[in-house]
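Structure data follow from input-v2.cif (mmCIF, C-alpha atoms):
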data_entry
#
loop_
_atom_site.label_atom_id
_atom_site.label_comp_id
_atom_site.auth_asym_id
_atom_site.auth_seq_id
_atom_site.Cartn_x
_atom_site.Cartn_y
_atom_site.Cartn_z
CA MET W 512 11.41 9.09 11.50
CA GLU W 513 15.12 9.78 11.12
CA PHE W 514 16.71 8.38 7.99
CA SER W 515 20.38 7.58 7.52
CA SER W 516 20.01 8.00 3.74
CA LYS W 517 18.47 10.89 1.81
CA LEU W 518 17.75 8.55 -1.12
CA LEU W 519 15.84 6.20 1.16
CA GLU W 520 14.03 9.06 2.85
CA ASN W 521 12.96 10.48 -0.49
CA ALA W 522 11.68 7.14 -1.79
CA VAL W 523 9.72 6.56 1.43
CA TYR W 524 8.29 10.08 1.26
CA GLU W 525 7.07 9.68 -2.31
CA MET W 526 5.62 6.24 -1.57
CA SER W 527 3.79 7.61 1.47
CA GLN W 528 2.02 10.17 -0.75
CA LEU W 529 -0.17 7.32 -2.00
CA PRO W 530 -3.56 7.11 -0.27
CA GLY W 531 -3.66 4.74 2.71
CA ILE W 532 0.13 4.29 2.73
CA GLY W 533 1.68 5.69 5.91
CA LYS W 534 5.38 6.27 6.51
CA ARG W 535 5.89 2.87 8.13
CA THR W 536 4.18 0.96 5.33
CA ALA W 537 6.07 3.02 2.76
CA LEU W 538 9.37 2.07 4.42
CA ARG W 539 8.35 -1.59 4.46
CA LEU W 540 7.49 -1.49 0.74
CA VAL W 541 10.69 0.33 -0.22
CA LEU W 542 12.88 -2.08 1.83
CA HIS W 543 11.06 -4.96 0.13
CA LEU W 544 12.00 -3.56 -3.28
CA LEU W 545 15.61 -3.25 -2.14
CA ARG W 546 15.71 -6.92 -1.19
CA GLN W 547 14.30 -7.98 -4.59
CA PRO W 548 16.30 -8.11 -7.83
CA GLU W 549 16.73 -4.68 -9.40
CA THR W 550 14.52 -5.74 -12.33
CA GLN W 551 11.41 -5.72 -10.11
CA THR W 552 11.86 -2.03 -9.31
CA GLN W 553 12.59 -1.33 -12.97
CA HIS W 554 9.39 -3.07 -14.05
CA LEU W 555 7.31 -1.16 -11.52
CA VAL W 556 8.92 2.16 -12.40
CA ASN W 557 8.52 1.55 -16.14
CA ALA W 558 4.91 0.41 -15.84
CA LEU W 559 3.88 3.46 -13.80
CA GLY W 560 5.89 5.91 -15.91
CA THR W 561 4.60 4.54 -19.22
CA LEU W 562 0.99 4.44 -18.04
CA ARG W 563 1.12 8.03 -16.81
CA LYS W 564 2.76 9.28 -19.99
CA GLU W 565 0.76 7.32 -22.55
CA ILE W 566 -2.57 7.10 -20.75
CA LYS W 567 -5.51 7.63 -23.10
CA PHE W 568 -9.17 8.02 -22.42
CA CYS W 569 -11.93 6.77 -24.70
CA LYS W 570 -13.25 9.85 -26.50
CA VAL W 571 -16.80 8.50 -26.26
CA CYS W 572 -17.16 7.28 -22.65
CA HIS W 573 -13.97 8.79 -21.05
CA SER W 574 -12.94 5.41 -19.65
CA ILE W 575 -9.23 4.50 -19.68
CA SER W 576 -8.36 2.86 -22.96
CA ASP W 577 -5.27 2.14 -25.05
CA MET W 578 -7.22 3.17 -28.15
CA ASP W 579 -9.09 6.36 -29.09
CA THR W 580 -12.35 4.50 -28.66
CA CYS W 581 -12.54 1.78 -26.02
CA GLU W 582 -13.49 -1.83 -26.70
CA ILE W 583 -16.95 -1.42 -25.24
CA CYS W 584 -17.83 1.74 -27.19
CA SER W 585 -16.51 0.25 -30.43
CA ASN W 586 -18.25 -3.10 -29.96
CA PRO W 587 -21.10 -3.28 -32.54
CA VAL W 588 -23.03 -5.78 -30.42
CA ARG W 589 -23.49 -3.43 -27.42
CA ASN W 590 -26.84 -1.66 -27.03
CA ARG W 591 -26.19 2.00 -27.86
CA LYS W 592 -29.59 3.10 -26.54
CA ILE W 593 -28.72 2.65 -22.87
CA ILE W 594 -25.92 4.48 -21.06
CA CYS W 595 -24.83 3.63 -17.55
CA VAL W 596 -23.37 6.65 -15.73
CA VAL W 597 -20.51 5.77 -13.36
CA GLU W 598 -17.79 7.53 -11.37
CA ASP W 599 -14.70 5.76 -12.59
CA ILE W 600 -13.31 2.78 -14.46
CA ARG W 601 -13.54 0.54 -11.39
CA ASP W 602 -17.32 0.75 -11.62
CA VAL W 603 -17.17 -0.19 -15.31
CA MET W 604 -15.03 -3.21 -14.42
CA ALA W 605 -17.37 -4.22 -11.59
CA ILE W 606 -20.50 -4.03 -13.76
CA GLU W 607 -18.80 -5.74 -16.70
CA SER W 608 -17.81 -8.63 -14.46
CA THR W 609 -21.50 -9.35 -13.76
CA GLY W 610 -22.13 -10.09 -17.44
CA GLN W 611 -25.64 -8.63 -16.95
CA TYR W 612 -25.26 -5.36 -18.84
CA ARG W 613 -24.98 -4.96 -22.60
CA GLY W 614 -25.34 -1.18 -22.93
CA LEU W 615 -22.65 1.52 -22.99
CA TYR W 616 -21.05 3.50 -20.16
CA HIS W 617 -20.26 7.12 -19.43
CA VAL W 618 -17.43 7.72 -16.94
CA LEU W 619 -17.88 11.04 -15.11
CA GLY W 620 -14.43 10.96 -13.50
CA GLY W 621 -15.80 11.52 -9.99
CA LYS W 622 -18.83 13.11 -8.38
CA ILE W 623 -19.71 16.67 -7.48
CA SER W 624 -18.03 17.44 -4.16
CA PRO W 625 -17.60 21.14 -3.36
CA LEU W 626 -15.56 20.32 -0.25
CA ASP W 627 -12.96 18.57 -2.42
CA GLY W 628 -13.10 21.35 -5.02
CA VAL W 629 -14.89 19.17 -7.56
CA GLY W 630 -17.63 21.07 -9.38
CA PRO W 631 -19.67 20.00 -12.44
CA GLN W 632 -17.03 21.55 -14.74
CA GLU W 633 -14.40 19.09 -13.46
CA LEU W 634 -16.55 16.15 -14.53
CA HIS W 635 -17.61 14.84 -17.95
CA ILE W 636 -21.18 16.06 -17.54
CA ASN W 637 -21.53 18.29 -20.60
CA SER W 638 -20.67 15.50 -23.00
CA LEU W 639 -23.18 13.28 -21.22
CA ILE W 640 -25.94 15.85 -21.70
CA GLU W 641 -25.01 16.11 -25.40
CA LYS W 642 -25.25 12.34 -25.74
CA ALA W 643 -28.56 12.26 -23.91
CA LYS W 644 -30.00 14.85 -26.28
CA SER W 645 -29.15 12.74 -29.33
CA ASP W 646 -32.04 10.76 -30.74
CA ASN W 647 -30.43 7.38 -30.23
CA VAL W 648 -30.19 7.29 -26.44
CA GLU W 649 -33.31 6.07 -24.67
CA GLU W 650 -32.20 5.55 -21.08
CA LEU W 651 -29.59 6.74 -18.60
CA ILE W 652 -28.88 4.46 -15.63
CA PHE W 653 -27.33 6.30 -12.67
CA ALA W 654 -24.89 3.97 -10.93
CA LEU W 655 -23.08 6.43 -8.65
CA SER W 656 -22.46 5.63 -5.00
CA ALA W 657 -25.42 6.32 -2.69
CA THR W 658 -23.69 9.15 -0.83
CA MET W 659 -24.66 12.81 -0.59
CA GLU W 660 -22.15 13.57 -3.36
CA GLY W 661 -23.53 10.79 -5.55
CA ASP W 662 -27.12 11.95 -5.01
CA THR W 663 -26.12 15.57 -5.71
CA THR W 664 -24.46 14.56 -8.96
CA ASN W 665 -27.46 12.46 -10.04
CA PHE W 666 -29.80 15.34 -9.31
CA PHE W 667 -27.59 17.89 -11.11
CA ILE W 668 -27.60 15.75 -14.25
CA TYR W 669 -31.33 15.12 -13.90
CA LYS W 670 -32.02 18.87 -13.81
CA GLN W 671 -29.86 19.43 -16.90
CA LEU W 672 -32.03 16.92 -18.73
CA GLU W 673 -35.26 18.90 -18.22
CA GLY W 674 -37.20 18.94 -21.46
CA VAL W 675 -35.13 16.08 -22.89
CA ASP W 676 -37.19 13.02 -23.80
CA ILE W 677 -35.16 10.33 -22.04
CA LYS W 678 -35.79 7.69 -19.39
CA THR W 679 -33.63 7.89 -16.25
CA SER W 680 -33.21 5.10 -13.71
CA THR W 681 -30.94 4.24 -10.84
CA ILE W 682 -29.55 0.86 -9.85
CA ALA W 683 -31.52 -1.02 -7.18
CA ARG W 684 -30.30 -0.60 -3.61
CA GLY W 685 -31.28 -3.32 -1.18
CA ILE W 686 -30.13 -6.32 0.78
CA GLY W 687 -27.29 -8.21 -0.90
CA VAL W 688 -28.46 -11.46 -2.50
CA ASN W 689 -26.66 -13.63 0.04
CA ASP W 690 -26.97 -11.30 3.03
CA GLU W 691 -28.98 -11.96 6.19
CA LEU W 692 -31.64 -9.37 7.02
CA GLU W 693 -30.57 -9.11 10.65
CA TYR W 694 -27.12 -7.84 9.66
CA ALA W 695 -28.33 -5.23 7.14
CA ASP W 696 -28.21 -1.56 8.12
CA GLU W 697 -31.59 0.13 8.68
CA VAL W 698 -31.33 2.52 5.74
CA THR W 699 -30.67 -0.27 3.27
CA LEU W 700 -33.36 -2.50 4.77
CA GLY W 701 -35.86 0.37 4.76
CA ARG W 702 -35.12 1.19 1.17
CA SER W 703 -35.41 -2.43 0.11
CA ILE W 704 -38.98 -2.47 1.49
CA LEU W 705 -39.95 0.86 -0.08
CA ASN W 706 -38.56 -0.26 -3.43
CA ARG W 707 -39.97 -3.78 -3.30
CA ILE W 708 -40.66 -5.41 -6.66
CA PRO W 709 -43.48 -7.72 -7.82
CA PHE W 710 -42.65 -11.29 -6.87
CA VAL W 711 -43.13 -12.50 -10.45
CA ASN W 712 -40.32 -10.11 -11.53
CA ALA W 713 -38.01 -11.58 -8.90
CA LEU W 714 -38.87 -15.07 -10.16
CA ARG W 715 -38.03 -13.99 -13.67
CA ASN W 716 -34.64 -12.47 -12.73
CA GLY W 717 -33.64 -15.66 -10.94
CA MET M 483 -10.23 -8.60 -13.17
CA GLU M 484 -10.72 -7.62 -16.80
CA PHE M 485 -8.87 -4.51 -17.90
CA SER M 486 -9.76 -2.29 -20.83
CA SER M 487 -6.15 -1.13 -21.07
CA LYS M 488 -2.96 -3.18 -21.20
CA LEU M 489 -0.99 -0.23 -19.80
CA LEU M 490 -3.32 -0.02 -16.82
CA GLU M 491 -3.29 -3.78 -16.33
CA ASN M 492 0.50 -3.84 -16.37
CA ALA M 493 0.83 -0.99 -13.86
CA VAL M 494 -1.70 -2.66 -11.54
CA TYR M 495 0.11 -5.98 -11.86
CA GLU M 496 3.49 -4.51 -10.95
CA MET M 497 2.01 -2.54 -8.05
CA SER M 498 0.31 -5.69 -6.73
CA GLN M 499 3.71 -7.42 -6.52
CA LEU M 500 4.42 -5.32 -3.44
CA PRO M 501 3.77 -7.15 -0.14
CA GLY M 502 0.30 -6.59 1.29
CA ILE M 503 -0.95 -4.84 -1.86
CA GLY M 504 -3.72 -6.85 -3.54
CA LYS M 505 -5.10 -6.27 -7.02
CA ARG M 506 -7.90 -4.00 -5.80
CA THR M 507 -5.61 -1.82 -3.70
CA ALA M 508 -3.12 -1.68 -6.56
CA LEU M 509 -5.88 -0.46 -8.90
CA ARG M 510 -6.93 2.17 -6.36
CA LEU M 511 -3.34 3.42 -6.00
CA VAL M 512 -2.75 3.53 -9.76
CA LEU M 513 -6.03 5.37 -10.41
CA HIS M 514 -5.06 7.83 -7.68
CA LEU M 515 -1.78 8.54 -9.48
CA LEU M 516 -3.70 9.09 -12.72
CA ARG M 517 -5.89 11.71 -11.07
CA GLN M 518 -2.88 13.59 -9.69
CA PRO M 519 -0.59 15.85 -11.75
CA GLU M 520 1.92 13.89 -13.82
CA THR M 521 4.76 15.29 -11.67
CA GLN M 522 3.67 13.16 -8.70
CA THR M 523 4.17 9.94 -10.66
CA GLN M 524 7.48 11.26 -12.00
CA HIS M 525 8.71 12.02 -8.48
CA LEU M 526 7.72 8.56 -7.24
CA VAL M 527 9.27 6.81 -10.22
CA ASN M 528 12.49 8.84 -9.99
CA ALA M 529 12.82 8.34 -6.24
CA LEU M 530 12.40 4.57 -6.49
CA GLY M 531 14.59 4.22 -9.57
CA THR M 532 17.40 6.37 -8.15
CA LEU M 533 17.34 4.62 -4.78
CA ARG M 534 17.52 1.17 -6.38
CA LYS M 535 20.34 2.18 -8.69
CA GLU M 536 22.46 4.22 -6.28
CA ILE M 537 21.75 2.40 -3.02
CA LYS M 538 24.84 2.01 -0.89
CA PHE M 539 25.44 0.10 2.29
CA CYS M 540 27.77 1.18 5.07
CA LYS M 541 30.89 -0.97 4.73
CA VAL M 542 31.18 -1.22 8.51
CA CYS M 543 27.64 -1.98 9.74
CA HIS M 544 25.88 -2.83 6.40
CA SER M 545 23.07 -0.36 7.08
CA ILE M 546 21.71 1.70 4.17
CA SER M 547 23.77 4.85 3.78
CA ASP M 548 24.49 7.47 1.13
CA MET M 549 28.17 7.37 2.10
CA ASP M 550 30.72 4.53 2.30
CA THR M 551 30.56 4.72 6.08
CA CYS M 552 27.27 5.67 7.69
CA GLU M 553 26.79 8.61 10.04
CA ILE M 554 26.62 6.39 13.11
CA CYS M 555 29.77 4.38 12.33
CA SER M 556 31.72 7.54 11.47
CA ASN M 557 30.54 9.46 14.55
CA PRO M 558 33.54 9.78 16.90
CA VAL M 559 31.27 10.19 19.93
CA ARG M 560 29.66 6.74 19.63
CA ASN M 561 30.88 3.97 21.89
CA ARG M 562 32.82 1.56 19.64
CA LYS M 563 33.00 -1.12 22.32
CA ILE M 564 29.35 -2.13 22.09
CA ILE M 565 27.65 -3.47 18.95
CA CYS M 566 23.92 -4.00 18.70
CA VAL M 567 23.03 -6.79 16.25
CA VAL M 568 19.77 -6.15 14.31
CA GLU M 569 17.91 -7.56 11.32
CA ASP M 570 17.45 -4.46 9.20
CA ILE M 571 17.60 -0.69 9.08
CA ARG M 572 14.11 -0.33 10.58
CA ASP M 573 15.48 -1.72 13.85
CA VAL M 574 18.34 0.78 13.75
CA MET M 575 15.84 3.61 13.25
CA ALA M 576 13.62 2.32 16.07
CA ILE M 577 16.49 2.05 18.55
CA GLU M 578 17.99 5.40 17.49
CA SER M 579 14.64 7.08 18.10
CA THR M 580 14.78 6.05 21.78
CA GLY M 581 17.93 8.11 22.30
CA GLN M 582 19.04 5.46 24.86
CA TYR M 583 21.82 3.80 22.89
CA ARG M 584 25.22 5.27 22.09
CA GLY M 585 27.01 2.21 20.73
CA LEU M 586 27.32 0.97 17.15
CA TYR M 587 25.12 -1.38 15.12
CA HIS M 588 25.58 -4.40 12.90
CA VAL M 589 22.82 -5.04 10.36
CA LEU M 590 22.56 -8.73 9.50
CA GLY M 591 20.15 -8.22 6.61
CA GLY M 592 17.61 -10.72 7.94
CA LYS M 593 17.65 -13.84 10.08
CA ILE M 594 18.43 -17.48 9.44
CA SER M 595 15.33 -19.03 7.92
CA PRO M 596 15.87 -22.27 5.99
CA LEU M 597 12.23 -22.29 4.81
CA ASP M 598 12.79 -18.97 3.04
CA GLY M 599 16.16 -20.10 1.73
CA VAL M 600 18.09 -17.79 4.03
CA GLY M 601 21.19 -19.48 5.46
CA PRO M 602 24.06 -17.93 7.45
CA GLN M 603 25.92 -17.22 4.18
CA GLU M 604 23.14 -14.87 3.03
CA LEU M 605 23.59 -12.72 6.14
CA HIS M 606 26.42 -10.47 7.31
CA ILE M 607 27.51 -12.90 10.02
CA ASN M 608 31.17 -13.45 9.04
CA SER M 609 31.99 -9.76 9.27
CA LEU M 610 30.29 -9.64 12.68
CA ILE M 611 32.45 -12.50 13.97
CA GLU M 612 35.55 -10.72 12.65
CA LYS M 613 34.52 -7.55 14.46
CA ALA M 614 33.80 -9.47 17.66
CA LYS M 615 37.27 -11.01 17.55
CA SER M 616 38.94 -7.62 17.44
CA ASP M 617 40.24 -6.36 20.76
CA ASN M 618 38.11 -3.26 20.83
CA VAL M 619 34.65 -4.81 21.04
CA GLU M 620 33.50 -5.73 24.54
CA GLU M 621 29.82 -6.54 24.11
CA LEU M 622 27.34 -7.73 21.50
CA ILE M 623 23.67 -6.96 22.16
CA PHE M 624 21.31 -9.27 20.26
CA ALA M 625 18.20 -7.32 19.27
CA LEU M 626 16.61 -9.74 16.79
CA SER M 627 12.91 -10.51 16.95
CA ALA M 628 11.95 -13.16 19.50
CA THR M 629 10.87 -15.73 16.91
CA MET M 630 12.28 -19.16 16.19
CA GLU M 631 14.33 -17.65 13.35
CA GLY M 632 15.61 -14.87 15.60
CA ASP M 633 16.56 -17.32 18.35
CA THR M 634 18.27 -19.62 15.82
CA THR M 635 20.29 -16.71 14.46
CA ASN M 636 21.30 -15.55 17.95
CA PHE M 637 22.38 -19.07 18.84
CA PHE M 638 24.30 -19.56 15.59
CA ILE M 639 26.29 -16.38 16.21
CA TYR M 640 26.78 -17.32 19.87
CA LYS M 641 28.30 -20.68 18.85
CA GLN M 642 30.65 -18.99 16.38
CA LEU M 643 31.94 -16.85 19.25
CA GLU M 644 33.14 -19.82 21.32
CA GLY M 645 36.55 -19.05 22.74
CA VAL M 646 36.18 -15.35 21.98
CA ASP M 647 36.39 -13.15 25.06
CA ILE M 648 33.27 -11.04 24.58
CA LYS M 649 30.12 -10.31 26.55
CA THR M 650 26.81 -11.13 24.84
CA SER M 651 23.42 -9.87 25.94
CA THR M 652 19.92 -9.69 24.56
CA ILE M 653 17.40 -6.88 24.89
CA ALA M 654 14.89 -7.23 27.72
CA ARG M 655 11.54 -8.78 26.83
CA GLY M 656 8.67 -7.97 29.12
CA ILE M 657 5.47 -6.05 29.59
CA GLY M 658 5.47 -2.73 27.73
CA VAL M 659 5.97 0.23 30.04
CA ASN M 660 2.41 1.49 29.60
CA ASP M 661 0.72 -1.91 29.14
CA GLU M 662 -1.75 -3.51 31.54
CA LEU M 663 -0.77 -6.94 32.85
CA GLU M 664 -4.18 -8.44 32.13
CA TYR M 665 -3.78 -7.81 28.38
CA ALA M 666 -0.25 -9.22 28.09
CA ASP M 667 0.24 -12.65 26.52
CA GLU M 668 1.30 -15.46 28.86
CA VAL M 669 4.74 -15.98 27.30
CA THR M 670 5.68 -12.33 27.71
CA LEU M 671 4.26 -12.14 31.22
CA GLY M 672 6.05 -15.36 32.19
CA ARG M 673 9.33 -14.11 30.83
CA SER M 674 8.96 -10.78 32.59
CA ILE M 675 8.72 -12.62 35.92
CA LEU M 676 11.64 -14.96 35.20
CA ASN M 677 13.79 -12.01 34.11
CA ARG M 678 12.77 -9.69 36.92
CA ILE M 679 15.30 -7.06 37.91
CA PRO M 680 16.24 -5.61 41.32
CA PHE M 681 13.83 -2.82 42.21
CA VAL M 682 16.68 -0.38 42.83
CA ASN M 683 17.77 -0.84 39.20
CA ALA M 684 14.26 -0.05 38.00
CA LEU M 685 14.27 3.08 40.15
CA ARG M 686 17.58 4.11 38.62
CA ASN M 687 16.39 3.58 34.98
CA GLY M 688 13.36 5.75 35.63
#

Translate this file's structure into structure tokens.
Amino acid sequence: MEFSSKLLENAVYEMSQLPGIGKRTALRLVLHLLRQPETQTQHLVNALGTLRKEIKFCKVCHSISDMDTCEICSNPVRNRKIICVVEDIRDVMAIESTGQYRGLYHVLGGKISPLDGVGPQELHINSLIEKAKSDNVEELIFALSATMEGDTTNFFIYKQLEGVDIKTSTIARGIGVNDELEYADEVTLGRSILNRIPFVNALRNG
Amino acid sequence: MEFSSKLLENAVYEMSQLPGIGKRTALRLVLHLLRQPETQTQHLVNALGTLRKEIKFCKVCHSISDMDTCEICSNPVRNRKIICVVEDIRDVMAIESTGQYRGLYHVLGGKISPLDGVGPQELHINSLIEKAKSDNVEELIFALSATMEGDTTNFFIYKQLEGVDIKTSTIARGIGVNDELEYADEVTLGRSILNRIPFVNALRNG
């Protein structure tokens, strides 16, 4: 792509550094901003700049928070005996939106992935082990993605917990509630048979 | 979507104002920026802010340019007798990349679209008519998209040129050079038959 303007070229280049945004899309987005009132660009630029500069993480669960301790961790009604281990804040938001979980979270900040240069030291694993060793925590729920990296991370944490008196569980994998069996992939369908649950439990969970 | 951080929510909101970027994608992009060094966000923010503040348009062809007159308009080698009329700078870049055109451009800034509130006054049509009336210009090539809005815009300009001694042409529409006939849409295929060209011309154009 040949640009007639260095300013334009630079803006397109920086925009195309975002994941999933190619050069063409970046150009489309930048030209869109140029057609809008200048205030829209200012708002975007301010919002991103302020977030990046003033971003804080909850010192308990490492989730993004405007306060030192996030709303969930500081909520006295939440069950402090259960901690759900997730990769990032999107998982917290997804689980919160179900309204089915009243425990706390622990955001690892990713999963162990040697190929991407992410080892256990890059993640918030040590603080999780410390929490797990405290008397108050009874259960860790692993809610990482069911990939090799997710499984590796689960197992790494599990090994660190040897000798610690704590329950560990992982979220149920299976056919989506509204999904047809014929369209499910074999691995998921197989797992949903292996991990079948008593029918009376299913009745109870509605 | 429920956010635990107003700063995050605000950044995601502003990002999702971009065309084709939904809330989920916006969150993914913002979280990506948070995982990168702060300099990446600074570069993006500076590039967008500077472009929006210092953006200039060529005073001859209205294309984006860092100078008062863009490189194409100020290039003494370009043929000043032919002007290609396009919607925006992306079209200029696309045509330039072919290396087949040595004339000048005129960027309208869009096309007439009453539904979107774009009338002739919002576009650079008057300056085009002025140019066309000058003695030096011999041909206008319409290269707008072949939509109702594009056709309307072409026709509007054409009517304004009544009594002006100037050639007008439109770029050829037809089957793409490497496309199979069976996959072409009927309108394009039909047009490519109606607008067939002498075989010797095709031989000459390679």

Would you give me, as CSV, each residue of chain M having an atom within 6 Å of an atom of chain W, along with its shortest atom pair and that distance in Å to one decimal, using all atoms listed in the file and sorting by chain and residue number?
residue,atom,partner,partner_atom,distance
M:Ser486,CA,W:Ser576,CA,5.7
M:Ser487,CA,W:Ser576,CA,4.9
M:Leu489,CA,W:Leu562,CA,5.4
M:Ala493,CA,W:Ala558,CA,4.7
M:Glu496,CA,W:Leu555,CA,5.1
M:Leu526,CA,W:Glu525,CA,5.1
M:Val527,CA,W:Val556,CA,5.1
M:Ala529,CA,W:Ala522,CA,4.7
M:Leu530,CA,W:Ala522,CA,5.4
M:Leu533,CA,W:Leu518,CA,5.4
M:Ser547,CA,W:Ser516,CA,4.9
M:Asp548,CA,W:Ser516,CA,5.2

Item to complete: Grab the CA of Leu634 (chain W) to CA of Leu619 (chain W) distance for me, in Å with one decimal place.
Response: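 About the pair CA of Leu634 (chain W) and CA of Leu619 (chain W): they are 5.3 Å apart.
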
Worksheet entry | Target residues per the PyMOL selection byres ((chain M and resi 645-656) around 12), formatted as a VMD selection string | chain M and resid 563 to 568 577 583 611 to 628 632 to 633 636 to 637 639 to 644 657 to 663 666 to 679

Atoms to include: C-alpha atoms. Write the selected residues as a CSV table (one decimal), in the frame of the given file.
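Written output follows (part_15.csv):
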chain,number,residue,atom,x,y,z
M,563,LYS,CA,33.0,-1.1,22.3
M,564,ILE,CA,29.4,-2.1,22.1
M,565,ILE,CA,27.6,-3.5,19.0
M,566,CYS,CA,23.9,-4.0,18.7
M,567,VAL,CA,23.0,-6.8,16.2
M,568,VAL,CA,19.8,-6.2,14.3
M,577,ILE,CA,16.5,2.0,18.6
M,583,TYR,CA,21.8,3.8,22.9
M,611,ILE,CA,32.4,-12.5,14.0
M,612,GLU,CA,35.6,-10.7,12.6
M,613,LYS,CA,34.5,-7.6,14.5
M,614,ALA,CA,33.8,-9.5,17.7
M,615,LYS,CA,37.3,-11.0,17.6
M,616,SER,CA,38.9,-7.6,17.4
M,617,ASP,CA,40.2,-6.4,20.8
M,618,ASN,CA,38.1,-3.3,20.8
M,619,VAL,CA,34.6,-4.8,21.0
M,620,GLU,CA,33.5,-5.7,24.5
M,621,GLU,CA,29.8,-6.5,24.1
M,622,LEU,CA,27.3,-7.7,21.5
M,623,ILE,CA,23.7,-7.0,22.2
M,624,PHE,CA,21.3,-9.3,20.3
M,625,ALA,CA,18.2,-7.3,19.3
M,626,LEU,CA,16.6,-9.7,16.8
M,627,SER,CA,12.9,-10.5,17.0
M,628,ALA,CA,12.0,-13.2,19.5
M,632,GLY,CA,15.6,-14.9,15.6
M,633,ASP,CA,16.6,-17.3,18.4
M,636,ASN,CA,21.3,-15.6,18.0
M,637,PHE,CA,22.4,-19.1,18.8
M,639,ILE,CA,26.3,-16.4,16.2
M,640,TYR,CA,26.8,-17.3,19.9
M,641,LYS,CA,28.3,-20.7,18.8
M,642,GLN,CA,30.6,-19.0,16.4
M,643,LEU,CA,31.9,-16.8,19.2
M,644,GLU,CA,33.1,-19.8,21.3
M,657,ILE,CA,5.5,-6.0,29.6
M,658,GLY,CA,5.5,-2.7,27.7
M,659,VAL,CA,6.0,0.2,30.0
M,660,ASN,CA,2.4,1.5,29.6
M,661,ASP,CA,0.7,-1.9,29.1
M,662,GLU,CA,-1.8,-3.5,31.5
M,663,LEU,CA,-0.8,-6.9,32.8
M,666,ALA,CA,-0.2,-9.2,28.1
M,667,ASP,CA,0.2,-12.6,26.5
M,668,GLU,CA,1.3,-15.5,28.9
M,669,VAL,CA,4.7,-16.0,27.3
M,670,THR,CA,5.7,-12.3,27.7
M,671,LEU,CA,4.3,-12.1,31.2
M,672,GLY,CA,6.0,-15.4,32.2
M,673,ARG,CA,9.3,-14.1,30.8
M,674,SER,CA,9.0,-10.8,32.6
M,675,ILE,CA,8.7,-12.6,35.9
M,676,LEU,CA,11.6,-15.0,35.2
M,677,ASN,CA,13.8,-12.0,34.1
M,678,ARG,CA,12.8,-9.7,36.9
M,679,ILE,CA,15.3,-7.1,37.9

Fill in: Straight-line distance linking CA of Cys572 (chain W) with CA of Cys584 (chain W), stated in Å to one decimal
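Those two atoms sit 7.2 Å apart.
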
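Note that the spacing between CA of Ser595 (chain M) and CA of Met630 (chain M) amounts to 8.8 Å.
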
Worksheet item: Could you pull the residues within 12 Å of Gln632 (chain W), counting all atoms listed in the file, minus those fewer than 3 positions along the same chain, as a list in words?
Response: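 My reading of the contact set: Leu619, Gly620, Gly621, Lys622, Ile623, Ser624, Pro625, Gly628, Val629, His635, Ile636, Asn637, Ser638, Thr664 and Phe667 of chain W.
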